[in-house]
Structures are given as C-alpha cells and as structure tokens.
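**Student:** Input structure: my_file25.cif, which contains mmCIF, C-alpha atoms.
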```cif
data_protein
loop_
_atom_site.label_atom_id
_atom_site.label_comp_id
_atom_site.auth_asym_id
_atom_site.auth_seq_id
_atom_site.Cartn_x
_atom_site.Cartn_y
_atom_site.Cartn_z
CA MET A 1331 -67.12 14.71 -6.22
CA LYS A 1332 -65.26 15.44 -9.44
CA MET A 1333 -66.00 19.13 -8.90
CA LYS A 1334 -64.53 18.89 -5.40
CA THR A 1335 -61.35 17.24 -6.62
CA PHE A 1336 -61.03 19.79 -9.39
CA LEU A 1337 -61.42 22.72 -6.98
CA GLY A 1338 -58.98 21.14 -4.53
CA VAL A 1339 -56.36 20.82 -7.24
CA LEU A 1340 -57.04 24.39 -8.36
CA VAL A 1341 -56.50 25.80 -4.87
CA LEU A 1342 -53.39 23.71 -4.20
CA GLY A 1343 -52.03 24.67 -7.61
CA ALA A 1344 -52.64 28.34 -6.93
CA PHE A 1345 -50.67 28.20 -3.69
CA GLY A 1346 -47.97 26.08 -5.31
CA ALA A 1347 -47.53 28.72 -8.00
CA ALA A 1348 -46.47 31.22 -5.36
CA LYS A 1349 -43.58 29.02 -4.24
CA PRO A 1350 -40.58 29.76 -6.49
CA GLY A 1351 -38.11 32.30 -5.22
CA PHE A 1352 -36.33 32.73 -1.93
CA ALA A 1353 -35.66 35.67 0.35
CA HIS A 1354 -36.98 38.54 -1.71
CA HIS A 1355 -36.31 37.41 -5.21
CA ALA A 1356 -33.98 34.79 -6.57
CA PHE A 1357 -30.52 35.90 -7.71
CA ALA A 1358 -30.68 33.64 -10.75
CA ALA A 1359 -33.95 35.18 -11.94
CA GLU A 1360 -32.52 38.66 -12.19
CA TYR A 1361 -28.73 38.45 -12.43
CA ASP A 1362 -26.28 36.59 -14.61
CA ALA A 1363 -23.66 34.66 -12.61
CA THR A 1364 -21.56 34.25 -15.78
CA GLU A 1365 -21.20 38.02 -16.23
CA PRO A 1366 -18.91 39.23 -13.43
CA LEU A 1367 -18.05 42.94 -13.36
CA THR A 1368 -15.42 44.99 -11.61
CA LEU A 1369 -16.68 48.54 -11.40
CA THR A 1370 -14.56 51.42 -10.16
CA GLY A 1371 -16.12 54.82 -9.91
CA VAL A 1372 -17.61 57.60 -7.86
CA VAL A 1373 -20.18 56.74 -5.21
CA VAL A 1374 -23.02 59.13 -6.06
CA THR A 1375 -25.08 58.00 -3.10
CA VAL A 1376 -25.85 54.95 -1.04
CA ASP A 1377 -29.46 54.00 -0.46
CA TRP A 1378 -29.04 52.27 2.92
CA SER A 1379 -32.45 50.62 3.07
CA ASN A 1380 -34.64 47.57 3.44
CA PRO A 1381 -35.30 45.13 1.90
CA HIS A 1382 -32.15 45.78 -0.18
CA SER A 1383 -29.64 48.58 -0.13
CA TYR A 1384 -28.27 50.13 -3.32
CA ILE A 1385 -25.01 51.77 -4.25
CA HIS A 1386 -25.34 54.32 -7.02
CA LEU A 1387 -22.00 54.39 -8.78
CA ASP A 1388 -20.77 56.51 -11.70
CA THR A 1389 -18.13 54.80 -13.81
CA LYS A 1390 -16.25 56.12 -16.81
CA GLU A 1391 -16.78 54.18 -20.01
CA LYS A 1392 -14.00 53.56 -22.55
CA ASN A 1393 -15.42 56.29 -24.77
CA GLY A 1394 -15.24 58.76 -21.88
CA GLU A 1395 -18.94 58.78 -21.15
CA VAL A 1396 -20.18 58.45 -17.59
CA LYS A 1397 -22.34 55.42 -16.87
CA HIS A 1398 -24.64 55.43 -13.88
CA TRP A 1399 -24.89 52.04 -12.17
CA MET A 1400 -27.48 50.94 -9.68
CA ILE A 1401 -25.93 48.15 -7.63
CA GLU A 1402 -28.18 46.08 -5.43
CA ILE A 1403 -26.52 45.00 -2.19
CA ALA A 1404 -27.62 43.33 1.03
CA ALA A 1405 -30.07 44.66 3.63
CA PRO A 1406 -28.76 46.86 6.49
CA SER A 1407 -28.78 43.96 8.99
CA GLN A 1408 -26.53 41.84 6.74
CA LEU A 1409 -24.22 44.75 5.89
CA LEU A 1410 -23.78 45.54 9.59
CA ARG A 1411 -23.03 41.90 10.27
CA HIS A 1412 -20.17 42.11 7.79
CA GLY A 1413 -18.78 45.19 9.47
CA LEU A 1414 -19.98 47.84 7.04
CA ARG A 1415 -21.78 50.91 8.36
CA LYS A 1416 -23.71 53.70 6.71
CA VAL A 1417 -21.03 56.18 7.86
CA ASP A 1418 -18.36 54.29 5.89
CA PHE A 1419 -19.78 55.98 2.81
CA THR A 1420 -19.46 59.59 1.83
CA ASP A 1421 -21.11 60.76 -1.34
CA GLY A 1422 -18.47 61.46 -3.95
CA MET A 1423 -15.89 58.98 -2.66
CA THR A 1424 -14.31 56.49 -5.05
CA ALA A 1425 -14.80 52.77 -4.58
CA THR A 1426 -14.51 49.48 -6.41
CA VAL A 1427 -17.40 47.04 -6.49
CA LYS A 1428 -17.27 43.48 -7.72
CA ALA A 1429 -20.69 42.61 -9.02
CA TYR A 1430 -22.76 40.62 -11.51
CA GLN A 1431 -24.60 42.11 -14.44
CA ALA A 1432 -28.41 42.03 -14.46
CA LYS A 1433 -29.98 39.96 -17.22
CA THR A 1434 -32.19 42.67 -18.69
CA ASP A 1435 -31.26 46.09 -17.28
CA PRO A 1436 -27.78 47.10 -18.57
CA THR A 1437 -27.25 49.59 -15.72
CA LEU A 1438 -28.25 47.24 -12.90
CA ALA A 1439 -25.88 44.92 -11.07
CA ASN A 1440 -25.75 42.75 -7.97
CA GLY A 1441 -22.86 43.72 -5.68
CA ARG A 1442 -20.61 41.10 -4.08
CA LEU A 1443 -17.48 42.77 -2.74
CA LEU A 1444 -16.79 46.41 -1.90
CA GLU A 1445 -13.25 47.73 -1.85
CA LEU A 1446 -12.68 51.10 -0.26
CA LYS A 1447 -9.77 53.44 -0.89
CA ASP A 1448 -8.44 52.94 2.64
CA GLY A 1449 -7.78 49.28 1.82
CA ARG A 1450 -10.73 47.77 3.66
CA SER A 1451 -13.01 45.38 1.82
CA PHE A 1452 -16.50 44.26 2.68
CA TYR A 1453 -18.80 41.47 1.63
CA ILE A 1454 -21.99 43.13 0.38
CA GLY A 1455 -23.69 40.22 -1.39
CA SER A 1456 -27.32 39.39 -0.79
CA VAL A 1457 -28.73 35.95 -0.01
CA GLY A 1458 -28.71 33.45 -2.85
CA GLY A 1459 -25.75 34.74 -4.85
CA PRO A 1460 -23.25 32.40 -6.53
CA ASN A 1461 -20.61 30.66 -4.44
CA ASP A 1462 -17.74 32.77 -5.76
CA GLY A 1463 -15.70 33.18 -2.57
CA ALA A 1464 -16.51 36.87 -2.22
CA GLU A 1465 -17.29 36.38 1.44
CA THR A 1466 -13.96 34.73 2.27
CA GLN A 1467 -12.16 37.38 0.23
CA ALA A 1468 -13.67 40.07 2.43
CA HIS A 1469 -12.97 38.11 5.62
CA PRO A 1470 -9.50 36.55 5.18
CA PHE A 1471 -9.80 34.79 8.56
CA LEU A 1472 -12.47 32.57 7.01
CA GLN A 1473 -9.94 31.05 4.61
CA MET K 1090 -51.08 62.45 -9.88
CA SER K 1091 -48.10 64.55 -9.01
CA SER K 1092 -49.73 65.53 -5.72
CA ILE K 1093 -49.89 61.83 -4.84
CA VAL K 1094 -46.20 61.53 -5.63
CA ALA K 1095 -45.49 64.63 -3.55
CA THR K 1096 -47.42 63.18 -0.61
CA PHE K 1097 -45.53 59.91 -0.89
CA GLU K 1098 -42.21 61.75 -1.10
CA TRP K 1099 -43.14 63.60 2.07
CA LEU K 1100 -44.13 60.32 3.77
CA GLU K 1101 -40.91 58.64 2.67
CA GLY K 1102 -38.83 61.50 4.08
CA LEU K 1103 -40.33 61.49 7.58
CA ALA K 1104 -37.96 60.64 10.43
CA TRP K 1105 -39.79 57.50 11.53
CA THR K 1106 -40.28 56.02 8.04
CA THR K 1107 -36.61 56.69 7.27
CA ALA K 1108 -35.53 55.13 10.57
CA LEU K 1109 -37.61 52.03 9.87
CA ARG K 1110 -36.35 51.76 6.29
CA GLU K 1111 -32.73 51.90 7.46
CA SER K 1112 -33.21 49.77 10.57
CA PRO K 1113 -31.37 46.47 10.99
CA TYR K 1114 -34.10 44.86 13.14
CA GLY K 1115 -37.29 46.92 12.92
CA TYR K 1116 -38.01 46.30 9.24
CA PRO K 1117 -37.33 42.53 9.26
CA LEU K 1118 -39.52 42.22 12.37
CA LEU K 1119 -42.31 44.19 10.72
CA GLU K 1120 -42.07 42.18 7.53
CA THR K 1121 -42.04 38.87 9.42
CA SER K 1122 -45.09 39.78 11.52
CA HIS K 1123 -46.94 40.87 8.38
CA VAL K 1124 -46.40 37.45 6.82
CA ALA K 1125 -47.11 35.57 10.08
CA PHE K 1126 -50.47 37.30 10.57
CA ILE K 1127 -51.40 36.66 6.93
CA VAL K 1128 -50.59 32.97 7.28
CA VAL K 1129 -52.93 32.59 10.28
CA PHE K 1130 -55.61 34.74 8.65
CA ALA K 1131 -55.44 32.77 5.41
CA GLY K 1132 -55.76 29.49 7.31
CA LEU K 1133 -58.92 30.72 9.03
CA VAL K 1134 -60.38 32.02 5.78
CA ILE K 1135 -59.62 28.83 3.85
CA THR K 1136 -61.25 26.75 6.59
CA MET K 1137 -64.41 28.84 6.35
CA ASP K 1138 -64.38 28.93 2.57
CA LEU K 1139 -64.14 25.15 2.31
CA ARG K 1140 -67.31 24.87 4.41
CA LEU K 1141 -69.10 27.64 2.51
CA ALA K 1142 -68.25 25.97 -0.78
CA GLY K 1143 -69.47 22.65 0.59
CA LEU K 1144 -66.06 21.04 0.14
CA ALA K 1145 -65.33 20.16 3.77
CA PHE K 1146 -66.78 20.07 7.32
CA ASN K 1147 -70.25 19.57 5.87
CA GLN K 1148 -71.57 17.98 9.09
CA ALA K 1149 -71.13 21.32 10.86
CA PRO K 1150 -73.87 23.95 10.42
CA LEU K 1151 -72.93 26.59 7.84
CA ALA K 1152 -73.64 29.55 10.11
CA GLN K 1153 -71.74 28.05 13.02
CA ILE K 1154 -68.48 27.75 11.09
CA GLN K 1155 -68.90 31.16 9.48
CA GLN K 1156 -69.85 33.02 12.64
CA ARG K 1157 -67.36 31.34 14.95
CA LEU K 1158 -64.40 31.99 12.67
CA LEU K 1159 -65.31 35.59 11.85
CA PRO K 1160 -63.93 37.24 15.04
CA TRP K 1161 -60.66 35.32 14.62
CA GLN K 1162 -60.45 36.36 10.99
CA ILE K 1163 -60.95 39.99 11.95
CA GLY K 1164 -58.47 39.61 14.79
CA THR K 1165 -55.77 38.45 12.39
CA PHE K 1166 -56.76 40.63 9.43
CA VAL K 1167 -56.44 43.89 11.38
CA PRO K 1168 -52.79 43.33 12.41
CA SER K 1169 -52.02 42.03 8.87
CA ALA K 1170 -53.43 45.24 7.44
CA LEU K 1171 -51.74 47.49 10.01
CA THR K 1172 -48.31 45.93 9.44
CA GLY K 1173 -49.00 46.15 5.70
CA ILE K 1174 -49.83 49.85 5.93
CA LEU K 1175 -46.62 50.43 7.91
CA LEU K 1176 -44.60 48.56 5.27
CA PHE K 1177 -46.20 50.75 2.62
CA CYS K 1178 -45.36 53.94 4.56
CA VAL K 1179 -41.71 52.89 4.74
CA ASP K 1180 -41.34 52.94 0.95
CA PRO K 1181 -44.52 54.40 -0.59
CA LEU K 1182 -43.10 55.33 -4.00
CA ARG K 1183 -41.74 51.87 -4.70
CA TYR K 1184 -45.15 50.35 -3.96
CA TYR K 1185 -47.02 53.02 -5.88
CA ARG K 1186 -44.99 52.19 -9.00
CA ASN K 1187 -45.27 48.44 -8.51
CA VAL K 1188 -47.88 46.88 -10.76
CA LEU K 1189 -48.08 43.74 -8.61
CA PHE K 1190 -48.80 45.82 -5.53
CA LEU K 1191 -51.67 47.48 -7.39
CA ALA K 1192 -52.89 44.04 -8.48
CA LYS K 1193 -52.74 42.84 -4.88
CA LEU K 1194 -54.79 45.82 -3.69
CA THR K 1195 -57.37 45.15 -6.42
CA PHE K 1196 -57.74 41.48 -5.42
CA LEU K 1197 -57.89 42.51 -1.76
CA LEU K 1198 -60.67 44.96 -2.51
CA LEU K 1199 -62.61 42.34 -4.49
CA ALA K 1200 -62.15 39.76 -1.70
CA GLY K 1201 -63.47 42.33 0.79
CA LEU K 1202 -66.47 43.16 -1.40
CA ASN K 1203 -67.23 39.45 -1.81
CA ALA K 1204 -67.23 38.94 1.97
CA LEU K 1205 -69.29 42.09 2.50
CA ALA K 1206 -71.89 41.02 -0.08
CA PHE K 1207 -72.30 37.63 1.61
CA HIS K 1208 -72.70 39.26 5.03
CA ILE K 1209 -75.26 41.77 3.78
CA LYS K 1210 -77.28 39.14 1.94
CA THR K 1211 -77.36 36.72 4.89
CA SER K 1212 -77.59 39.18 7.78
CA ARG K 1213 -81.41 39.13 7.75
CA LYS K 1214 -81.67 35.35 7.70
CA PRO K 1215 -81.70 33.50 11.06
CA ALA K 1216 -78.58 31.36 11.42
CA GLU K 1217 -80.52 28.18 12.24
CA GLY K 1218 -82.21 28.23 8.85
CA TRP K 1219 -79.11 28.55 6.64
CA ASP K 1220 -78.69 24.83 6.07
CA GLN K 1221 -82.31 24.43 4.95
CA ASP K 1222 -82.35 27.53 2.72
CA SER K 1223 -81.27 26.62 -0.79
CA SER K 1224 -80.66 30.28 -1.71
CA VAL K 1225 -78.24 30.68 1.23
CA ILE K 1226 -76.47 27.43 0.30
CA ALA K 1227 -76.07 28.63 -3.29
CA MET K 1228 -74.79 32.02 -2.13
CA ALA K 1229 -72.40 30.34 0.29
CA ARG K 1230 -71.00 28.15 -2.49
CA LEU K 1231 -70.42 31.14 -4.71
CA ALA K 1232 -68.96 33.30 -1.93
CA GLY K 1233 -66.74 30.44 -0.71
CA VAL K 1234 -65.26 29.66 -4.12
CA ALA K 1235 -64.85 33.37 -4.95
CA SER K 1236 -63.14 33.93 -1.60
CA LEU K 1237 -60.71 31.02 -2.15
CA VAL K 1238 -59.77 32.35 -5.56
CA LEU K 1239 -59.54 36.05 -4.59
CA TRP K 1240 -57.53 35.54 -1.39
CA SER K 1241 -55.19 33.17 -3.25
CA LEU K 1242 -54.65 35.81 -5.93
CA THR K 1243 -54.12 38.48 -3.26
CA ILE K 1244 -51.42 36.40 -1.58
CA ILE K 1245 -49.76 35.38 -4.84
CA ALA K 1246 -49.65 38.97 -6.11
CA GLY K 1247 -48.33 40.09 -2.73
CA ARG K 1248 -45.62 37.47 -2.76
CA LEU K 1249 -44.56 38.57 -6.23
CA ILE K 1250 -44.25 42.29 -5.33
CA PRO K 1251 -40.45 42.01 -4.84
CA ASN K 1252 -40.09 40.62 -8.39
CA ASN K 1253 -41.09 44.06 -9.67
CA TRP K 1254 -38.90 45.99 -7.22
CA PHE K 1255 -36.72 48.82 -8.46
#
```
Is it possible to express this structure as structure tokens?
**Tutor:**
Amino acid sequence: MKMKTFLGVLVLGAFGAAKPGFAHHAFAAEYDATEPLTLTGVVVTVDWSNPHSYIHLDTKEKNGEVKHWMIEIAAPSQLLRHGLRKVDFTDGMTATVKAYQAKTDPTLANGRLLELKDGRSFYIGSVGGPNDGAETQAHPFLQ
Amino acid sequence: MSSIVATFEWLEGLAWTTALRESPYGYPLLETSHVAFIVVFAGLVITMDLRLAGLAFNQAPLAQIQQRLLPWQIGTFVPSALTGILLFCVDPLRYYRNVLFLAKLTFLLLAGLNALAFHIKTSRKPAEGWDQDSSVIAMARLAGVASLVLWSLTIIAGRLIPNNWF
C-alpha cells in the first residue's frame, strides 16, 4: 500500500511539474518587464511565422556599431487581429519598436508596439506581457 | 550532418510548410489537435498502466484491460504522431536544434520499446492465464511502471520544447 501511495504521488508530481508556463512560454521567464527599450532601426527581415513571429532589426549603437536585434512578436493570427499584415513590411524599411529586453540574451527582445514611418502604429505584443498600455496606445479608440 | 540540415532547409522552404507556418488558423488548429489527441492517448495509456502495475482496477483481468484499450491507444497515437510530424515539418531546423525535442524523441522511443517488449514477451501466452502466471504479473508491473514514467517524461519534455525555442 505504501508503494502504491508513493507511486501515485510520483506520477501526480511528474504531471504537476509540467504545469508552469502559459501559451508557449511565460513572458516573465524570458523577458524583463523592468527593462523597456525603444529601438529604431532598419527592418532586415520579418519572420512572419508560428508560434511566434520575429522582427530582425538593425539599430545603430552610440559608438556607431550596428546591433542586430531579434524581436519576438505575436503569432500571425494575433498580428492580423490587430490590423498588421505581412505586406506592411518591406525589408530595409525603417521602424520603431517598443520592446522589453530579454533576461539572458542581450540581442533578444519582446516587442510590444510597432511604429511605422507612415504614422501607423500596431500592437505586436504576445500573450502574457506586462500591462503597460501598449495595446490601447496602438488602438486609441480603446482609451 | 550538413546534409541533414540541407534536407531540413529544403523541407522548411516548401510551399505547403511555409503556408502552414505563416497561417493564421492552420497552425493553431494543427497544434491544438496534436495536444488534444495526446491528452486522450495519455488517459488511455495511464488507465492501462495503472492496471499493469497493479495499482488500480485489479478486479478486472489483466489481459482484458490491456487488449481492450490497445486499439483505442493506437487510434489516438497515430493522429498524435501524424500531427506531430506535420508540426515538425513546418519548422524542422528549430526542432532539430532543440535539446528538449531530442529528449522527447528519446523518451518516446524508450516508451515504444517498453510497450513492444511487453507485447513480444506476452504474445505467446494465452490471455486467460495472465492473472495466474507470476512471471506475466511481474512483467506487467515492470512494464506498467516504466510506461507511466516514460510517457510522463515524453509529455513533460514535449511541453518544455518552447522553453528552448530560438
């Protein structure tokens, strides 16, 4: 009987261990909500893909060097819902992205708000990001 | 090694894998069905394993539980695997470089070998005699516990794949 109880706890524990994390992976596990960034640069390419899309952005550092950022953004379904389409991007265009710095990788960030040169702005955040008002900023009618 | 990478690059660049990767509905549907089939499959496997290990349903004959659940397990494993293969084809290089994906495949292989070994070892023995045969009972206990552990590890590693996603 003790063996049975022990095995039962082991199995339940094993399944319980798989529980943390939502959607694909938790924002807080990978990104630092206290490190907001505003990145302006050249869109090298946009990886419009599931389960997350990525914007590859080249910014110019203070010392003149080019820094290549990989900015994780929402999945295609969510981006479309917020009015952004794949054709809104052309490689080589300039754009501004508000984002949060990743905790370990210095070139990785989590995108929140995309501002295009034509004045349009889009919410690009993925599920589980901080409640920073990026969504209402992109959709003024929500205010 | 590089030929594997080249094959995966080719696979990733195909029209249908690209379309699925960029799709607003197709990919989420595929991903959801993969998980849904796994959930049902895991439930059926756990039910059988608990009996094999002698932890539950002990009034029911061993062979009855095992043989009745098997077709349902196969019927849910096949679509789990097919949706899984499709998900792999959509982004092969990311999975290939993902250590947790490789761990999941290893546990999956071991779980399969465990099931296969039990089937081979018991296939010659008439089902009615399983509950009287102490060697079958011992094998069932071992196979049941191993199956619980290996399938749990497979699912946990699978769930953690996105935490190693670049």
**Student:** Just say which residues the PyMOL selection byres ((chain A and resi 1382) around 8) picks in this file, as a PyMOL selection string.
**Tutor:** chain A and resi 1378-1381+1383-1384+1402-1406
**Student:** Please identify all residues of chain K having at least one atom at most 10 Å from any atom of chain A, considering all atoms listed in the file, and return them as an NGL selection string.
**Tutor:** :K and (1107-1117 or 1120 or 1135 or 1139 or 1142-1145 or 1179-1180 or 1234 or 1237-1238 or 1241-1242 or 1244-1255)
**Student:** Apply the PyMOL selection byres ((chain K and resi 1127) around 12) to the displayed file and report the matching residues as a PyMOL selection string.
**Tutor:** chain K and resi 1120-1126+1128-1135+1162-1173+1240-1241+1243-1245+1247-1248
**Student:** Between atom CA of K:Gln1153 and atom CA of K:Leu1239, what is the distance in Å, rounded to a tenth?
**Tutor:**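 Value for the atom CA of K:Gln1153-atom CA of K:Leu1239 distance: 22.9 Å.
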**Student:** Name the closest residue to K:Val1225 among the candidates K:Thr1211, K:Asn1187, K:Gln1156, K:Ser1091; distances are taken between atoms, counting all atoms listed in the file.
**Tutor:**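 Using all atoms listed in the file, the shortest distance to K:Val1225 belongs to K:Thr1211.
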**Student:** Work out how far atom CA of A:Leu1369 is from atom CA of A:Lys1447, in Å to one decimal.
**Tutor:**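 Atom-to-atom, atom CA of A:Lys1447 to atom CA of A:Leu1369, that is 13.5 Å.
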**Student:** Report, in Å to a single decimal, how far apart atom CA of K:Phe1177 and atom CA of K:Gly1102 are.
**Tutor:**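 Distance between the two atoms: 13.1 Å.
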**Student:** Counting only C-alpha atoms, which of K:Leu1141, K:Thr1136, K:Leu1175, K:Ser1092 gets nearest to K:Leu1158?
**Tutor:**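 Among the listed residues, the smallest separation from K:Leu1158 belongs to K:Thr1136.
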**Student:** If we count all atoms listed in the file, what is near A:Trp1399 at a cut-off of 10 Å, once residues fewer than 5 positions away on the same chain are taken out, given as a list in words?
**Tutor:**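 My reading of the contact set: Leu1369, Gly1371, Val1373, Val1374, Tyr1384, Ile1385, His1386, Leu1387, Asp1388, Thr1389, Pro1436, Thr1437, Leu1438 and Ala1439 of chain A.
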**Student:** Using the chain letters and numbers from the file, give me the residues hit by the PyMOL selection byres ((chain A and resi 1361) around 6), as an MDAnalysis selection string.
**Tutor:** chainID A and resid 1357:1358 1360 1362 1431:1433
**Student:** Tell me which protein, DNA and RNA residues are within 12 Å of stretch 1462-1472 of chain A, counting only C-alpha atoms, leaving out same-chain ones fewer than 6 positions away, and put them as JSON, numbers by chain.
**Tutor:** {"A": [1363, 1364, 1366, 1408, 1409, 1411, 1412, 1413, 1414, 1427, 1428, 1429, 1430, 1441, 1442, 1443, 1444, 1445, 1446, 1449, 1450, 1451, 1452, 1453, 1454, 1455, 1456]}
**Student:** List the spatial neighbours of K:Ile1093 as a list in words - criterion: any atom at most 12 Å away, all atoms listed in the file, same-chain residues fewer than 3 positions off excluded.
**Tutor:**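 With the cut-off at 12 Å, the set is Met1090, Thr1096, Phe1097, Glu1098, Trp1099, Leu1100, Pro1181, Leu1182, Tyr1185 and Arg1186 of chain K.
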**Student:** Write out as a list of chain:residue names each polymer residue whose atoms come within 10 Å of K:Asp1220, counting all atoms listed in the file; drop sequence neighbours fewer than 3 positions from it.
**Tutor:** K:Asn1147, K:Ala1149, K:Pro1150, K:Leu1151, K:Ala1152, K:Ala1216, K:Glu1217, K:Ser1223, K:Ser1224, K:Val1225, K:Ile1226
**Student:** Measuring atom to atom with all atoms listed in the file, identify which of K:Leu1194, K:Cys1178, K:Ile1154, K:Ala1206 is nearest to K:Ala1104.
**Tutor:**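 Selected residue with least distance to K:Ala1104: K:Cys1178.
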**Student:** Take stretch 1392-1401 of chain A, bring it up to all heavy atoms, and give me the output as a PDB file, in the frame of the given file.
**Tutor:**
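Okay, this is what ended up in result-v4.pdb:
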```
ATOM      1  N   LYS A1392     -15.198  53.442 -21.699  1.00  0.00           N
ATOM      2  CA  LYS A1392     -14.000  53.560 -22.550  1.00  0.00           C
ATOM      3  C   LYS A1392     -14.064  54.791 -23.443  1.00  0.00           C
ATOM      4  O   LYS A1392     -13.061  55.435 -23.721  1.00  0.00           O
ATOM      5  CB  LYS A1392     -13.837  52.299 -23.390  1.00  0.00           C
ATOM      6  CG  LYS A1392     -13.221  51.171 -22.579  1.00  0.00           C
ATOM      7  CD  LYS A1392     -12.729  50.042 -23.463  1.00  0.00           C
ATOM      8  CE  LYS A1392     -12.188  48.911 -22.610  1.00  0.00           C
ATOM      9  NZ  LYS A1392     -12.962  47.681 -22.729  1.00  0.00           N
ATOM     10  N   ASN A1393     -15.283  55.119 -23.885  1.00  0.00           N
ATOM     11  CA  ASN A1393     -15.420  56.290 -24.770  1.00  0.00           C
ATOM     12  C   ASN A1393     -15.498  57.603 -23.994  1.00  0.00           C
ATOM     13  O   ASN A1393     -15.800  58.647 -24.561  1.00  0.00           O
ATOM     14  CB  ASN A1393     -16.639  56.122 -25.672  1.00  0.00           C
ATOM     15  CG  ASN A1393     -17.929  55.998 -24.871  1.00  0.00           C
ATOM     16  OD1 ASN A1393     -17.953  56.257 -23.662  1.00  0.00           O
ATOM     17  ND2 ASN A1393     -18.987  55.588 -25.532  1.00  0.00           N
ATOM     18  N   GLY A1394     -15.269  57.548 -22.690  1.00  0.00           N
ATOM     19  CA  GLY A1394     -15.240  58.760 -21.880  1.00  0.00           C
ATOM     20  C   GLY A1394     -16.570  59.145 -21.272  1.00  0.00           C
ATOM     21  O   GLY A1394     -16.645  60.048 -20.436  1.00  0.00           O
ATOM     22  N   GLU A1395     -17.623  58.458 -21.697  1.00  0.00           N
ATOM     23  CA  GLU A1395     -18.940  58.780 -21.150  1.00  0.00           C
ATOM     24  C   GLU A1395     -19.119  58.212 -19.746  1.00  0.00           C
ATOM     25  O   GLU A1395     -18.561  57.167 -19.412  1.00  0.00           O
ATOM     26  CB  GLU A1395     -20.026  58.207 -22.072  1.00  0.00           C
ATOM     27  CG  GLU A1395     -20.462  59.185 -23.144  1.00  0.00           C
ATOM     28  CD  GLU A1395     -21.495  58.583 -24.073  1.00  0.00           C
ATOM     29  OE1 GLU A1395     -22.411  57.894 -23.585  1.00  0.00           O
ATOM     30  OE2 GLU A1395     -21.363  58.789 -25.305  1.00  0.00           O
ATOM     31  N   VAL A1396     -19.919  58.916 -18.950  1.00  0.00           N
ATOM     32  CA  VAL A1396     -20.180  58.450 -17.590  1.00  0.00           C
ATOM     33  C   VAL A1396     -21.389  57.509 -17.596  1.00  0.00           C
ATOM     34  O   VAL A1396     -22.415  57.812 -18.203  1.00  0.00           O
ATOM     35  CB  VAL A1396     -20.446  59.647 -16.644  1.00  0.00           C
ATOM     36  CG1 VAL A1396     -20.913  59.165 -15.276  1.00  0.00           C
ATOM     37  CG2 VAL A1396     -19.203  60.505 -16.515  1.00  0.00           C
ATOM     38  N   LYS A1397     -21.222  56.361 -16.968  1.00  0.00           N
ATOM     39  CA  LYS A1397     -22.340  55.420 -16.870  1.00  0.00           C
ATOM     40  C   LYS A1397     -22.794  55.323 -15.423  1.00  0.00           C
ATOM     41  O   LYS A1397     -21.990  55.134 -14.521  1.00  0.00           O
ATOM     42  CB  LYS A1397     -21.892  54.034 -17.374  1.00  0.00           C
ATOM     43  CG  LYS A1397     -23.003  53.005 -17.312  1.00  0.00           C
ATOM     44  CD  LYS A1397     -22.640  51.737 -18.057  1.00  0.00           C
ATOM     45  CE  LYS A1397     -23.767  50.713 -17.947  1.00  0.00           C
ATOM     46  NZ  LYS A1397     -23.464  49.470 -18.635  1.00  0.00           N
ATOM     47  N   HIS A1398     -24.082  55.473 -15.234  1.00  0.00           N
ATOM     48  CA  HIS A1398     -24.640  55.430 -13.880  1.00  0.00           C
ATOM     49  C   HIS A1398     -25.135  54.004 -13.578  1.00  0.00           C
ATOM     50  O   HIS A1398     -26.036  53.504 -14.219  1.00  0.00           O
ATOM     51  CB  HIS A1398     -25.788  56.421 -13.740  1.00  0.00           C
ATOM     52  CG  HIS A1398     -26.348  56.449 -12.356  1.00  0.00           C
ATOM     53  ND1 HIS A1398     -25.820  57.238 -11.378  1.00  0.00           N
ATOM     54  CD2 HIS A1398     -27.362  55.747 -11.787  1.00  0.00           C
ATOM     55  CE1 HIS A1398     -26.501  57.028 -10.242  1.00  0.00           C
ATOM     56  NE2 HIS A1398     -27.434  56.138 -10.475  1.00  0.00           N
ATOM     57  N   TRP A1399     -24.510  53.394 -12.577  1.00  0.00           N
ATOM     58  CA  TRP A1399     -24.890  52.040 -12.170  1.00  0.00           C
ATOM     59  C   TRP A1399     -25.753  52.071 -10.922  1.00  0.00           C
ATOM     60  O   TRP A1399     -25.536  52.880 -10.025  1.00  0.00           O
ATOM     61  CB  TRP A1399     -23.644  51.217 -11.850  1.00  0.00           C
ATOM     62  CG  TRP A1399     -22.881  50.784 -13.043  1.00  0.00           C
ATOM     63  CD1 TRP A1399     -21.856  51.457 -13.632  1.00  0.00           C
ATOM     64  CD2 TRP A1399     -23.062  49.578 -13.788  1.00  0.00           C
ATOM     65  NE1 TRP A1399     -21.392  50.754 -14.709  1.00  0.00           N
ATOM     66  CE2 TRP A1399     -22.104  49.591 -14.820  1.00  0.00           C
ATOM     67  CE3 TRP A1399     -23.938  48.490 -13.678  1.00  0.00           C
ATOM     68  CZ2 TRP A1399     -22.006  48.554 -15.743  1.00  0.00           C
ATOM     69  CZ3 TRP A1399     -23.831  47.457 -14.593  1.00  0.00           C
ATOM     70  CH2 TRP A1399     -22.872  47.504 -15.622  1.00  0.00           C
ATOM     71  N   MET A1400     -26.707  51.164 -10.893  1.00  0.00           N
ATOM     72  CA  MET A1400     -27.480  50.940  -9.680  1.00  0.00           C
ATOM     73  C   MET A1400     -27.121  49.526  -9.223  1.00  0.00           C
ATOM     74  O   MET A1400     -27.402  48.546  -9.909  1.00  0.00           O
ATOM     75  CB  MET A1400     -28.963  51.053  -9.996  1.00  0.00           C
ATOM     76  CG  MET A1400     -29.841  51.010  -8.787  1.00  0.00           C
ATOM     77  SD  MET A1400     -31.482  51.575  -9.274  1.00  0.00           S
ATOM     78  CE  MET A1400     -32.444  50.863  -7.961  1.00  0.00           C
ATOM     79  N   ILE A1401     -26.442  49.447  -8.082  1.00  0.00           N
ATOM     80  CA  ILE A1401     -25.930  48.150  -7.630  1.00  0.00           C
ATOM     81  C   ILE A1401     -26.684  47.700  -6.392  1.00  0.00           C
ATOM     82  O   ILE A1401     -26.597  48.321  -5.333  1.00  0.00           O
ATOM     83  CB  ILE A1401     -24.413  48.234  -7.349  1.00  0.00           C
ATOM     84  CG1 ILE A1401     -23.685  48.774  -8.588  1.00  0.00           C
ATOM     85  CG2 ILE A1401     -23.877  46.869  -6.951  1.00  0.00           C
ATOM     86  CD1 ILE A1401     -22.281  49.246  -8.303  1.00  0.00           C
TER      87      ILE A1401
END
```
